[in-house]
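Trainee: My structure is in query_3.cif, and what it holds is mmCIF, C-alpha atoms:
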```
data_data
#
loop_
_atom_site.label_atom_id
_atom_site.label_comp_id
_atom_site.auth_asym_id
_atom_site.auth_seq_id
_atom_site.Cartn_x
_atom_site.Cartn_y
_atom_site.Cartn_z
CA MET W 1 0.00 0.00 0.00
CA ARG W 2 1.30 3.38 -0.86
CA ILE W 3 1.22 6.20 1.70
CA ASN W 4 1.62 9.64 0.32
CA LYS W 5 3.79 12.19 2.08
CA LYS W 6 0.89 14.28 3.39
CA THR W 7 -0.71 11.31 5.12
CA ALA W 8 2.58 10.21 6.66
CA ALA W 9 3.24 13.66 8.11
CA VAL W 10 -0.13 13.71 9.84
CA ALA W 11 0.44 10.27 11.34
CA VAL W 12 3.82 11.19 12.74
CA ALA W 13 2.50 14.37 14.26
CA ALA W 14 -0.28 12.48 15.99
CA VAL W 15 2.13 10.02 17.54
CA THR W 16 4.41 12.80 18.73
CA LEU W 17 1.59 14.71 20.44
CA ALA W 18 0.38 11.56 22.15
CA GLY W 19 3.82 10.98 23.54
CA VAL W 20 4.04 14.51 24.95
CA GLY W 21 0.68 14.12 26.69
CA THR W 22 1.62 11.04 28.69
CA ALA W 23 5.17 11.79 29.86
CA TYR W 24 5.41 13.36 33.36
CA ALA W 25 8.13 13.77 35.97
CA PHE W 26 7.38 14.59 39.64
CA TRP W 27 8.93 14.89 43.07
CA THR W 28 7.49 13.55 46.34
CA THR W 29 7.57 15.60 49.56
CA THR W 30 5.54 16.44 52.65
CA GLY W 31 3.96 19.63 54.02
CA GLY W 32 1.58 21.05 56.58
CA GLY W 33 -0.40 24.08 57.69
CA SER W 34 -2.70 25.40 60.37
CA GLY W 35 -5.73 27.63 60.84
CA THR W 36 -8.00 28.97 63.57
CA ALA W 37 -11.61 30.00 64.15
CA THR W 38 -12.92 31.98 67.11
CA THR W 39 -16.11 31.14 68.99
CA SER W 40 -18.37 34.06 69.84
CA SER W 41 -18.11 35.19 73.44
CA GLY W 42 -21.66 36.54 73.37
CA ALA W 43 -22.75 40.05 74.23
CA ALA W 44 -22.37 41.45 77.72
CA ASN W 45 -25.67 41.90 79.57
CA ALA W 46 -27.59 40.46 76.62
CA LEU W 47 -30.51 39.38 78.83
CA THR W 48 -33.07 41.76 80.30
CA VAL W 49 -35.49 40.64 83.03
CA THR W 50 -38.66 42.73 83.08
CA GLN W 51 -41.35 42.68 85.76
CA TYR W 52 -44.85 43.02 84.34
CA ARG W 53 -46.99 42.13 87.36
CA GLN W 54 -47.03 43.27 90.98
CA PRO W 55 -49.62 43.25 93.80
CA SER W 56 -51.52 46.39 94.67
CA PRO W 57 -50.40 48.13 97.91
CA ASP W 58 -53.55 47.16 99.81
CA LEU W 59 -52.60 43.48 99.40
CA LEU W 60 -49.24 44.03 101.14
CA ALA W 61 -50.53 44.42 104.69
CA PRO W 62 -51.10 42.25 107.78
CA SER W 63 -53.63 39.45 107.21
CA GLN W 64 -53.76 40.15 103.46
CA PRO W 65 -52.89 37.45 100.90
CA GLY W 66 -50.39 39.44 98.85
CA GLY W 67 -50.24 39.03 95.10
CA GLN W 68 -48.19 37.90 92.17
CA VAL W 69 -44.97 39.38 90.88
CA GLY W 70 -43.92 38.07 87.51
CA GLY W 71 -42.47 38.86 84.14
CA LYS W 72 -40.33 37.71 81.26
CA VAL W 73 -36.74 37.55 80.09
CA LYS W 74 -35.63 39.05 76.75
CA ASN W 75 -32.58 38.17 74.70
CA THR W 76 -31.56 41.61 73.43
CA SER W 77 -28.82 40.40 71.06
CA SER W 78 -29.47 41.05 67.37
CA ASP W 79 -30.71 38.44 64.90
CA ALA W 80 -27.62 38.82 62.71
CA THR W 81 -24.94 38.41 65.38
CA GLY W 82 -26.94 37.14 68.34
CA VAL W 83 -26.56 34.01 70.39
CA THR W 84 -29.30 31.72 71.70
CA TYR W 85 -29.10 31.50 75.49
CA ALA W 86 -30.25 28.56 77.59
CA LEU W 87 -31.85 29.69 80.85
CA LYS W 88 -32.77 27.69 83.92
CA ALA W 89 -34.23 30.11 86.46
CA VAL W 90 -34.66 33.66 87.72
CA THR W 91 -33.32 34.73 91.10
CA MET W 92 -35.23 37.45 92.97
CA SER W 93 -33.55 39.63 95.59
CA LEU W 94 -35.88 41.57 97.88
CA SER W 95 -34.98 44.60 99.97
CA VAL W 96 -37.02 47.31 101.71
CA ALA W 97 -36.27 51.00 101.32
CA HIS W 98 -37.65 54.51 101.23
CA LEU W 99 -36.84 57.57 99.15
CA VAL W 100 -34.41 60.16 100.54
CA ASN W 101 -32.86 63.39 99.29
CA ASP W 102 -30.41 62.85 96.45
CA SER W 103 -26.74 63.82 96.44
CA LEU W 104 -27.59 67.39 95.38
CA GLY W 105 -30.09 67.82 98.20
CA ASN W 106 -33.14 67.58 95.96
CA THR W 107 -36.15 66.19 97.77
CA PRO W 108 -38.19 63.26 96.45
CA GLY W 109 -40.59 64.41 93.75
CA SER W 110 -38.91 67.77 93.20
CA THR W 111 -37.59 68.98 89.82
CA GLY W 112 -34.24 67.42 88.99
CA TYR W 113 -34.54 64.78 91.71
CA THR W 114 -32.51 61.62 91.15
CA THR W 115 -34.16 58.55 92.67
CA THR W 116 -32.20 57.68 95.80
CA TYR W 117 -33.04 54.90 98.26
CA ALA W 118 -32.08 54.20 101.83
CA ALA W 119 -32.71 51.13 103.95
CA THR W 120 -35.69 51.38 106.30
CA PRO W 121 -34.87 50.85 110.00
CA GLY W 122 -37.21 48.34 111.60
CA CYS W 123 -38.44 46.86 108.32
CA ASP W 124 -36.57 44.48 106.07
CA ALA W 125 -37.04 41.44 103.84
CA SER W 126 -38.05 39.29 106.81
CA ASP W 127 -41.30 41.26 106.94
CA TYR W 128 -42.21 39.82 103.53
CA SER W 129 -42.35 36.44 101.86
CA LEU W 130 -41.80 35.15 98.35
CA VAL W 131 -43.19 31.78 97.29
CA SER W 132 -43.16 30.08 93.90
CA ASP W 133 -44.49 26.74 92.70
CA ASN W 134 -41.19 26.32 90.86
CA GLN W 135 -38.84 27.50 93.60
CA THR W 136 -35.55 25.67 94.03
CA ALA W 137 -35.45 26.36 97.79
CA ALA W 138 -37.43 28.29 100.38
CA TYR W 139 -37.19 32.09 100.53
CA ALA W 140 -34.24 33.03 102.75
CA VAL W 141 -33.22 36.32 104.36
CA ASP W 142 -29.60 37.24 105.02
CA ALA W 143 -29.53 38.55 108.59
CA ALA W 144 -26.47 40.70 107.90
CA THR W 145 -27.84 42.54 104.85
CA GLY W 146 -31.58 42.23 105.42
CA VAL W 147 -31.99 41.06 101.81
CA GLY W 148 -34.19 38.08 100.94
CA THR W 149 -33.69 35.80 97.95
CA LEU W 150 -35.73 33.24 96.05
CA THR W 151 -34.86 31.35 92.87
CA THR W 152 -37.69 30.10 90.69
CA LYS W 153 -37.28 27.71 87.78
CA ILE W 154 -38.58 28.80 84.39
CA ASN W 155 -39.63 25.28 83.40
CA SER W 156 -41.19 23.32 86.24
CA ASP W 157 -39.07 20.26 85.46
CA GLY W 158 -35.87 22.32 85.62
CA SER W 159 -35.04 21.84 81.95
CA ALA W 160 -33.36 24.60 79.98
CA TYR W 161 -35.41 27.28 78.25
CA GLU W 162 -33.76 28.37 75.00
CA LEU W 163 -34.16 32.06 74.22
CA ALA W 164 -33.33 33.04 70.63
CA PRO W 165 -31.95 36.48 69.65
CA GLY W 166 -34.50 39.27 69.89
CA ILE W 167 -37.10 37.07 71.59
CA GLU W 168 -38.86 37.78 74.90
CA GLY W 169 -40.17 34.76 76.79
CA ALA W 170 -39.15 32.59 79.75
CA ASP W 171 -42.13 33.53 81.93
CA TRP W 172 -41.51 33.48 85.69
CA ALA W 173 -43.70 34.30 88.69
CA ALA W 174 -43.89 34.24 92.49
CA THR W 175 -46.30 35.38 95.20
CA LEU W 176 -45.20 38.36 97.30
CA ALA W 177 -46.92 38.85 100.66
CA PHE W 178 -46.52 40.78 103.91
CA VAL W 179 -45.65 38.61 106.90
CA ASN W 180 -47.62 39.13 110.12
CA LYS W 181 -44.78 38.31 112.48
CA HIS W 182 -47.01 38.29 115.55
CA ASP W 183 -49.08 35.42 114.15
CA ASN W 184 -46.04 33.57 112.85
CA PRO W 185 -44.97 30.51 114.90
CA ALA W 186 -41.42 31.07 113.64
CA THR W 187 -41.21 34.43 115.43
CA PRO W 188 -43.24 33.98 118.65
CA ALA W 189 -41.10 36.38 120.67
CA ILE W 190 -41.84 39.42 118.49
CA GLU W 191 -44.11 41.95 120.12
CA GLY W 192 -45.34 45.36 119.12
CA ASN W 193 -46.37 46.63 115.71
CA GLN W 194 -44.81 46.63 112.27
CA ASP W 195 -45.54 50.27 111.57
CA ALA W 196 -42.01 50.76 110.22
CA CYS W 197 -43.14 48.97 107.06
CA LYS W 198 -46.06 51.31 106.34
CA GLY W 199 -45.72 52.86 102.90
CA GLN W 200 -42.25 51.40 102.35
CA ILE W 201 -40.93 50.41 98.94
CA VAL W 202 -40.29 46.74 98.27
CA ARG W 203 -37.38 46.66 95.85
CA LEU W 204 -36.89 43.59 93.68
CA ALA W 205 -33.75 42.85 91.68
CA TYR W 206 -33.68 40.01 89.18
CA THR W 207 -30.91 37.82 87.82
CA ALA W 208 -31.31 35.36 84.95
CA VAL W 209 -29.67 32.03 85.78
CA ALA W 210 -28.02 30.19 82.88
CA ALA W 211 -28.47 26.47 82.39
CA SER W 212 -25.35 24.50 83.24
#
```
Take the structure in this file and express it as structure tokens.
Mentor:
Amino acid sequence: MRINKKTAAVAVAAVTLAGVGTAYAFWTTTGGGSGTATTSSGAANALTVTQYRQPSPDLLAPSQPGGQVGGKVKNTSSDATGVTYALKAVTMSLSVAHLVNDSLGNTPGSTGYTTTYAATPGCDASDYSLVSDNQTAAYAVDAATGVGTLTTKINSDGSAYELAPGIEGADWAATLAFVNKHDNPATPAIEGNQDACKGQIVRLAYTAVAAS
């Protein structure tokens, strides 16, 4: 069979290209690297506890039943950068006080007055009680500070309540009442009246307790 020159040139070129495509040289070696990622630390004071319910003053008196204090917790972190927090409970701290002149000498209710409290002699947290169906322990008063505390679970079974960014929930509640010490078997030696508590302000501070 005769092969003309043009056909032969094409065949040689094809073989040459195929050979170039399959011939490789390489070295072997090793290497490494590293990288990091940072976990969010969350926002400071991202949770706000707000009280929405309180008993009327006439219910905080001897022989009266008291009434409910309660509210919700809000996760104030933003949707874009916020963190979901798992809560377990709310701790309530109770103290008794009255308004006094502020540091500039302004009297309560006057123009420019800055709210200023002082402890009330003869009346403290032991003159009141806090009770919750979900409490973790009985209401207790620190004899040195006169401040009472109660911790109430958000979920009755003690499970965590997850609060997403921007959401208000985690309902909590307790019953606040005035204690008639003269009818209380726990304080049989107390005599006299409890007039020092008349018109006094019951101050409540709240702390959200994170789930462990």
Trainee: Spell out the residues picked by the PyMOL selection byres ((chain W and resi 195-206) around 6) here, as a list in words.
Mentor: Thr91, Met92, Ser93, Leu94, Ser95, Val96, Ala97, His98, Gly122, Cys123, Asn193, Gln194 and Thr207 of chain W
Trainee: Those residues you just picked out, can you put them in a file as a JSON list (two decimals), in the coordinates of the input with C-alpha atoms?
Mentor:
```json
[["chain", "number", "residue", "atom", "x", "y", "z"],
["W", 91, "THR", "CA", -33.32, 34.73, 91.10],
["W", 92, "MET", "CA", -35.23, 37.45, 92.97],
["W", 93, "SER", "CA", -33.55, 39.63, 95.59],
["W", 94, "LEU", "CA", -35.88, 41.57, 97.88],
["W", 95, "SER", "CA", -34.98, 44.60, 99.97],
["W", 96, "VAL", "CA", -37.02, 47.31, 101.71],
["W", 97, "ALA", "CA", -36.27, 51.00, 101.32],
["W", 98, "HIS", "CA", -37.65, 54.51, 101.23],
["W", 122, "GLY", "CA", -37.21, 48.34, 111.60],
["W", 123, "CYS", "CA", -38.44, 46.86, 108.32],
["W", 193, "ASN", "CA", -46.37, 46.63, 115.71],
["W", 194, "GLN", "CA", -44.81, 46.63, 112.27],
["W", 207, "THR", "CA", -30.91, 37.82, 87.82]]
```
Trainee: Which residue gives the smallest distance to W:Ala170 among W:Ile154, W:Leu130, W:Val141, W:Ala208, with only C-alpha atoms counted?
Mentor: W:Ile154
Trainee: Which residue gives the smallest distance to W:Arg53 among W:Leu150, W:Ala125, W:Ala173, W:Ala210, with all atoms listed in the file counted?
Mentor: W:Ala173
Trainee: Specify as a list in words each residue included when the PyMOL selection byres ((chain W and resi 127) around 8) is applied to this file.
Mentor: Cys123, Asp124, Ala125, Ser126, Tyr128, Ser129, Phe178, Val179, Asn180, Lys181 and Cys197 of chain W
Trainee: In Å, how far is it from atom CA of W:Val90 to atom CA of W:Ile167?
Mentor: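 Calculated distance between atom CA of W:Val90 and atom CA of W:Ile167 is 16.7 Å.
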Trainee: Restricting the calculation to only C-alpha atoms, which member of W:Gln135, W:Gln68, W:Asn106, W:Thr116 is positioned closest to W:Gln51?
Mentor: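 Between W:Gln135, W:Gln68, W:Asn106, W:Thr116, the residue approaching W:Gln51 most closely is W:Gln68.
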Trainee: Check what the PyMOL selection byres ((chain W and resi 84) around 9) selects in the file above and give those residues as an MDAnalysis selection string.
Mentor: chainID W and resid 75 77 82:83 85:86 162:165
Trainee: When you count only C-alpha atoms, which of these residues is closest to W:Ala177: W:Val147, W:Ala140, W:Leu47, W:Ala61?
Mentor: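 Ranking W:Val147, W:Ala140, W:Leu47, W:Ala61 by distance to W:Ala177, first place goes to W:Ala61.
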Trainee: Would you work out the distance separating atom CA of W:Ala119 from atom CA of W:Lys153, expressed in Å to one decimal?
Mentor: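 Separation between atom CA of W:Ala119 and atom CA of W:Lys153: 28.8 Å.
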Trainee: Can you tell me how far atom CA of W:Ser78 sits from atom CA of W:Thr48, in Å to one decimal?
Mentor: 13.4 Å
Trainee: Please, what is the axis-aligned box for every listed atom of stretch 115-121 of chain W with 5 Å on each side, as centre and edge lengths in Å to one decimal, as JSON?
Mentor:
```
{"center_x": -33.9, "center_y": 54.7, "center_z": 101.3, "size_x": 13.6, "size_y": 17.7, "size_z": 27.3}
```
